[in-house]
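Input: a single structure, listed below in structure tokens.
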Amino acid sequence: MASAPKRPKAAAGSSARGRGSADPLSGFLAWCGRAGVQLSPKVRLSREGAVAGYGLLAAAELEEGEVLFSVPRSAVLSQHTSSIQALLQEAQEALQSQSGWVPLLLALLYEYTASDSPWQPYFSLWQDFRSLDHPMFWPEEERTRLLQGTGIPEAVDKDLANIHLEYSSIILPFMKSHPSIFDPKLHTLDLYKQLVAFVMAYSFQEPLEEEDEDEKGPNPPMMVPVADILNHVANHNANLEYSPCLRMVTTQPISKGQEIFNTYGQMANWQLLHMYGFAEPYPGNTNDTADIQMVTVREAALQRARGEAQQQLVSEQWDFLCQLEMVGEEGAFVLGWHEVLTEEELSTTLKVLCMSEEEFREYKEKDGWEDDSEEEENSTLSNEALSRLKAPCKKLLYDSVLLTLESYGSDLKAEQDLLNNKEAYEKLSRREQQALHVRYGQKRILHQLLELVH
């Protein structure tokens with residue numbers, strides 16, 4: 001029988017485990033060989049030539065459909081492969097949380113700080129997580145100043161509240177009940193926060209089989225060595241396949257010397273910066289979006305309502321939209337480059353808030369139903385359809401966009417000038433540059449909408 005795990009002997013980041021060794025990459029590649037990870041001779045891992053940190057580069061011409069590497073399930077770091085997996089399995093009820101990440105995070109807390117962990121060569125690539133620069137690590141003043149209006153400060157506030165809650169109510173009690181394995185002086189809240197960012201930026205979640213989608217929650221995240229080294233762009237050229245082992249496969253031909261990019265999904269720039277710590281410069285991110293807060297549309301409707309009776313009508317219309325689950329106090333309408341992604345919600349909201357009292361009473365009597373032909377007409381909100389909205393709906397949307405633009409700390413022209421001035425742009429800090437890409441993309445989409453409905 002294997003001996004029980006012991007409390008780690010070395011502190012996180014201690015050079016006692018060679019975390020600061022001169023060439024962590026060669027140590028990691030040797031580990032890959034031992035762990036059964038098979039790397040194609042046509043690719044190489046390198047810092048040089050990659051857009052950020054390490055990357056995977058083509059060492060020869062690649063065809064579409066070529067396997068770049070394969071990772072056996074045993075080399076994946078998860079709650080099921082960690083040295084403390086039996087302990088995590090036993091305590092699974094107590095470790096349930098809103099995020100669903102706690103078992104993996106406990107496995108990482110243990111393996112990262114254990115000098116004899118089989119995953120030490122893997123962790124050595126991350127240099128004590130110094131490269132993680134998510135907005136959750138920025139001072140609050142800087143986060144507000146650079147990201148006001150983007151939706152990121154609010155998302156970070158929720159993350160930090162959840163991290164503190166999980167650590168104090170689940171992690172600490174679990175550590176205290178296993179003092180031979182965990183030490184709160186070593187496994188601190190700060191380390192936990194870094195590991196949350198590590199999971200955010202580098203973990204993978206295996207998609208559920210179609211038949212399981214309705215019955216099961218999402219699969220827990222896992223760390224996939226080598227796969228997590230690939231950088232992301234919207235226009236990617238490789239994709240991770242999940243069974244039976246994990247394989248990275250090219251989705252198009254790739255020339256020798258080119259970087260190989262995976263996709264983290266269809267992510268807007270604000271999501272990329274929030275979850276991964278970077279954004280794609282304009283116009284690279286074809287998946288970028290801008291939000292109009294639902295309550296902003298209500299505010300615009302109330303501002304144009306003349307007199308108490310009209311304001312009362314807007315309030316009743318809003319309450320009815322809430323009942324229909326079209327809107328909520330914390331929801332947002334999401335706009336893409338070519339269409340509204342929350343088309344049903346926005347089209348219904350605009351229509352209801354622009355109804356006369358009589359039209360609204362009639363609509364309410366039908367419980368929000370209307371005949372199919374009318375519904376069909378409103379079902380897609382492409383840019384072309386937006387330009388054909390009825391005048392009152394256009395005006396309400398236009399006013400809502402103006403209010404949204406006021407929530408940013410700067411205007412589009414100032415940011416355009418900064419992006420066009422190479423010298424000024426290069427003087428910005430990395431955080432200022434990333435924040436600029438997020439704000440600029442969002443404002444471009446909002447200004448495009450202004451033109452469509454003007």
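Ligands are numbered from 1 in the order shown, residues from 1 within each chain, and chains are lettered A, B, ... in the order they appear in the structure tokens.
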
Restrict the calculation to only C-alpha atoms, then for each residue of stretch 47-162 of chain A with any atom at most 12 Å from an atom of stretch 440-451 of chain A give the closest atom pair and their distance in Å to one decimal, rows by chain and rising residue number, as CSV.
```
residue,atom,partner,partner_atom,distance
A:Leu146,CA,A:Tyr440,CA,11.7
A:Leu147,CA,A:Tyr440,CA,11.0
A:Gln148,CA,A:Gln442,CA,12.0
A:Gly149,CA,A:Gln442,CA,9.5
A:Thr150,CA,A:Gln442,CA,7.6
A:Gly151,CA,A:Gln442,CA,10.6
```

Keeping only C-alpha atoms, write the selected residues to a file as a compact mmCIF listing (two decimals), in the first residue's frame.
```txt
# COMPACT_ATOMS: atom_id res chain seq x y z
CA LEU A 146 -8.07 51.52 -16.67
CA LEU A 147 -11.12 49.27 -16.92
CA GLN A 148 -14.07 51.42 -15.87
CA GLY A 149 -17.06 50.68 -18.11
CA THR A 150 -15.66 47.38 -19.49
CA GLY A 151 -17.43 45.08 -17.00
```

**Message:** Which residues are near A:Val453? Cut-off 7 Å, only C-alpha atoms, ignore same chain within fewer than 6 positions. Put them as a ChimeraX atom specification.
**Reply:** /A:386-387,394,398

Selection to disk with C-alpha atoms, as a PDB file, in the first residue's frame:
```pdb
ATOM      1  CA  LEU A 386     -30.916  47.036 -36.615  1.00  0.00           C
ATOM      2  CA  SER A 387     -30.874  49.735 -39.274  1.00  0.00           C
ATOM      3  CA  LYS A 394     -33.876  53.186 -32.816  1.00  0.00           C
ATOM      4  CA  TYR A 398     -29.281  55.198 -29.583  1.00  0.00           C
TER       5      TYR A 398
END
```

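Summary of the local environment: counting only C-alpha atoms, residues at most 8 Å from A:Ser255, other than itself and those fewer than 2 positions away along its chain, are Ala58, Ala60, Glu61, Leu62, Pro253, Gly257 and Gln258 of chain A.
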
Report as a PDB file with C-alpha atoms, in the first residue's frame: the residues of stretch 255-285 of chain A with a DSSP assignment of helix (DSSP H, G or I), based on the backbone of this structure.
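Okay, result26.pdb is ready:
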```
ATOM      1  CA  ASN A 269     -11.477  40.833 -25.150  1.00  0.00           C
ATOM      2  CA  TRP A 270     -12.917  41.668 -21.714  1.00  0.00           C
ATOM      3  CA  GLN A 271     -13.249  37.916 -21.018  1.00  0.00           C
ATOM      4  CA  LEU A 272      -9.700  37.245 -22.251  1.00  0.00           C
ATOM      5  CA  LEU A 273      -8.230  39.932 -19.989  1.00  0.00           C
ATOM      6  CA  HIS A 274     -10.368  38.917 -17.012  1.00  0.00           C
ATOM      7  CA  MET A 275      -9.702  35.158 -17.299  1.00  0.00           C
ATOM      8  CA  TYR A 276      -6.325  34.946 -19.052  1.00  0.00           C
TER       9      TYR A 276
END
```

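Contact shell of A:Ser70 at 8 Å (only C-alpha atoms; same-chain neighbours under 2 positions omitted): Val37, Gln38, Leu39, Val67, Leu68, Pro72, Cys245, Leu246, Arg247 and Met248 of chain A.
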
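Of the listed residues A:Pro225, A:Gly33, A:Gly265, A:Pro139, the one whose atoms come nearest to A:Ser78 is A:Pro225, with distances taken using only C-alpha atoms.
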
**Request:** Identify, with DSSP run on backbone atoms, the residues in stretch 28-217 of chain A assigned to strand (DSSP E or B), and express the list as a ChimeraX atom specification.
**Result:** /A:38-39,43-46,55-58,62,67-71,77,203-204

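Nearest residue to A:Pro24, choosing from A:Pro121, A:Pro221, A:Pro244, A:Gly284 and counting only C-alpha atoms: A:Pro121.
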
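The smallest atom-to-atom distance between A:Ala197 and any of A:Ser131, A:Asn287, A:Asn383, A:Gln310, using only C-alpha atoms, is found for A:Ser131.
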
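Closest to A:Ala94 among A:Glu215, A:Glu141, A:Asp367, A:Glu166 is A:Glu166, based on only C-alpha atoms.
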
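Around stretch 107-110 of chain A, within 7 Å and counting only C-alpha atoms, the residues found are Gln79, Ser82, Ile84 and His187 of chain A, once anything fewer than 6 positions away on its own chain is removed.
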
Selection from above, N, CA, C and O atoms, as a PDB file, in the first residue's frame, can you write it?
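Resulting contents of selection-v3.pdb:
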```
ATOM      1  N   GLN A  79      -7.922  16.369  -9.880  1.00  0.00           N
ATOM      2  CA  GLN A  79      -8.275  15.850  -8.557  1.00  0.00           C
ATOM      3  C   GLN A  79      -8.214  14.316  -8.544  1.00  0.00           C
ATOM      4  O   GLN A  79      -8.102  13.708  -7.485  1.00  0.00           O
ATOM      5  N   SER A  82      -3.957  13.351  -8.612  1.00  0.00           N
ATOM      6  CA  SER A  82      -3.087  13.884  -7.559  1.00  0.00           C
ATOM      7  C   SER A  82      -2.765  12.805  -6.528  1.00  0.00           C
ATOM      8  O   SER A  82      -3.529  11.862  -6.332  1.00  0.00           O
ATOM      9  N   ILE A  84      -3.109  13.108  -3.539  1.00  0.00           N
ATOM     10  CA  ILE A  84      -4.116  13.135  -2.457  1.00  0.00           C
ATOM     11  C   ILE A  84      -5.526  12.843  -3.006  1.00  0.00           C
ATOM     12  O   ILE A  84      -6.527  13.213  -2.398  1.00  0.00           O
ATOM     13  N   HIS A 187       0.183  27.140   2.815  1.00  0.00           N
ATOM     14  CA  HIS A 187      -0.914  27.126   1.832  1.00  0.00           C
ATOM     15  C   HIS A 187      -1.823  28.322   2.111  1.00  0.00           C
ATOM     16  O   HIS A 187      -2.950  28.175   2.574  1.00  0.00           O
TER      17      HIS A 187
END
```

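Distances here use only C-alpha atoms; by that measure, the residue among A:Val233, A:Leu381, A:Met267, A:Leu105 closest to A:Val196 is A:Leu105.
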
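Distances from A:Asp291, A:Glu93, A:Glu365, A:Glu142 to A:Phe320 were compared using only C-alpha atoms, and the smallest one belongs to A:Glu365.
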
Per-residue nearest contacts stretch 268-307 of chain A to stretch 425-438 of chain A, cut-off 7 Å, using only C-alpha atoms, as a tab-separated table:
```
residue	atom	partner	partner_atom	distance
A:Asn269	CA	A:Val438	CA	5.4
A:Trp270	CA	A:Val438	CA	5.7
A:Phe278	CA	A:Gln434	CA	6.0
A:Ala279	CA	A:Gln434	CA	5.6
A:Glu280	CA	A:His437	CA	6.7
A:Pro281	CA	A:His437	CA	5.4
A:Tyr282	CA	A:His437	CA	6.6
```

Using N, CA and C atoms, can you export the residues from the last selection as a CSV table (one decimal), in the first residue's frame?
```
chain,number,residue,atom,x,y,z
A,269,ASN,N,-12.7,40.3,-25.8
A,269,ASN,CA,-11.5,40.8,-25.1
A,269,ASN,C,-11.6,41.0,-23.6
A,270,TRP,N,-12.8,41.5,-23.2
A,270,TRP,CA,-12.9,41.7,-21.7
A,270,TRP,C,-12.8,40.3,-21.0
A,278,PHE,N,-4.7,38.8,-20.8
A,278,PHE,CA,-4.3,39.5,-22.1
A,278,PHE,C,-5.5,39.8,-22.9
A,279,ALA,N,-5.4,40.7,-23.9
A,279,ALA,CA,-6.4,41.0,-24.9
A,279,ALA,C,-5.8,41.0,-26.3
A,280,GLU,N,-6.6,40.7,-27.3
A,280,GLU,CA,-6.1,40.8,-28.7
A,280,GLU,C,-6.2,42.2,-29.3
A,281,PRO,N,-5.2,42.7,-29.8
A,281,PRO,CA,-5.2,44.0,-30.4
A,281,PRO,C,-6.2,44.1,-31.6
A,282,TYR,N,-6.9,45.2,-31.7
A,282,TYR,CA,-7.9,45.4,-32.8
A,282,TYR,C,-7.1,45.4,-34.2
```

**Exercise: A:Thr250 partners within 6 Å, only C-alpha atoms, chain neighbours under 6 positions left out, as a list in words** = Glu64, Gly65, Glu66, Asn237 and Ala238 of chain A

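Our summary of the geometry notes that atom CA of A:Met222 is positioned 18.1 Å from atom CA of A:Phe28.
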
**Message:** Which residues are close to A:Glu111, i.e. within 10 Å by only C-alpha atoms, leaving aside same-chain residues fewer than 2 positions away? Reply as a ChimeraX atom specification.
**Reply:** /A:8,12,77,82-84,105-109,113-120,123

Resulting file, chosen residues, C-alpha atoms, as a PDB file, in the first residue's frame:
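The result, stored in result-v1.pdb:
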```pdb
ATOM      1  CA  PRO A   8       5.185  19.405   1.998  1.00  0.00           C
ATOM      2  CA  ALA A  12       6.123  27.484  -2.593  1.00  0.00           C
ATOM      3  CA  LEU A  77      -2.992  16.866 -13.273  1.00  0.00           C
ATOM      4  CA  SER A  82      -3.087  13.884  -7.559  1.00  0.00           C
ATOM      5  CA  SER A  83      -1.240  12.066  -4.754  1.00  0.00           C
ATOM      6  CA  ILE A  84      -4.116  13.135  -2.457  1.00  0.00           C
ATOM      7  CA  LEU A 105      -7.196  23.716  -6.242  1.00  0.00           C
ATOM      8  CA  LEU A 106      -6.465  21.564  -3.177  1.00  0.00           C
ATOM      9  CA  ALA A 107      -4.587  19.109  -5.410  1.00  0.00           C
ATOM     10  CA  LEU A 108      -2.556  22.028  -6.808  1.00  0.00           C
ATOM     11  CA  LEU A 109      -1.892  23.490  -3.340  1.00  0.00           C
ATOM     12  CA  THR A 113       4.440  22.809  -2.530  1.00  0.00           C
ATOM     13  CA  ALA A 114       5.528  19.152  -2.242  1.00  0.00           C
ATOM     14  CA  SER A 115       9.241  18.735  -3.029  1.00  0.00           C
ATOM     15  CA  ASP A 116       8.676  15.136  -4.134  1.00  0.00           C
ATOM     16  CA  SER A 117       5.643  15.841  -6.347  1.00  0.00           C
ATOM     17  CA  PRO A 118       5.899  14.114  -9.727  1.00  0.00           C
ATOM     18  CA  TRP A 119       4.626  17.364 -11.289  1.00  0.00           C
ATOM     19  CA  GLN A 120       7.535  19.549 -10.128  1.00  0.00           C
ATOM     20  CA  PHE A 123       5.382  23.655 -12.275  1.00  0.00           C
TER      21      PHE A 123
END
```

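Rounded to one decimal, atom CA of A:His164 and atom CA of A:Leu195 lie 13.1 Å from each other.
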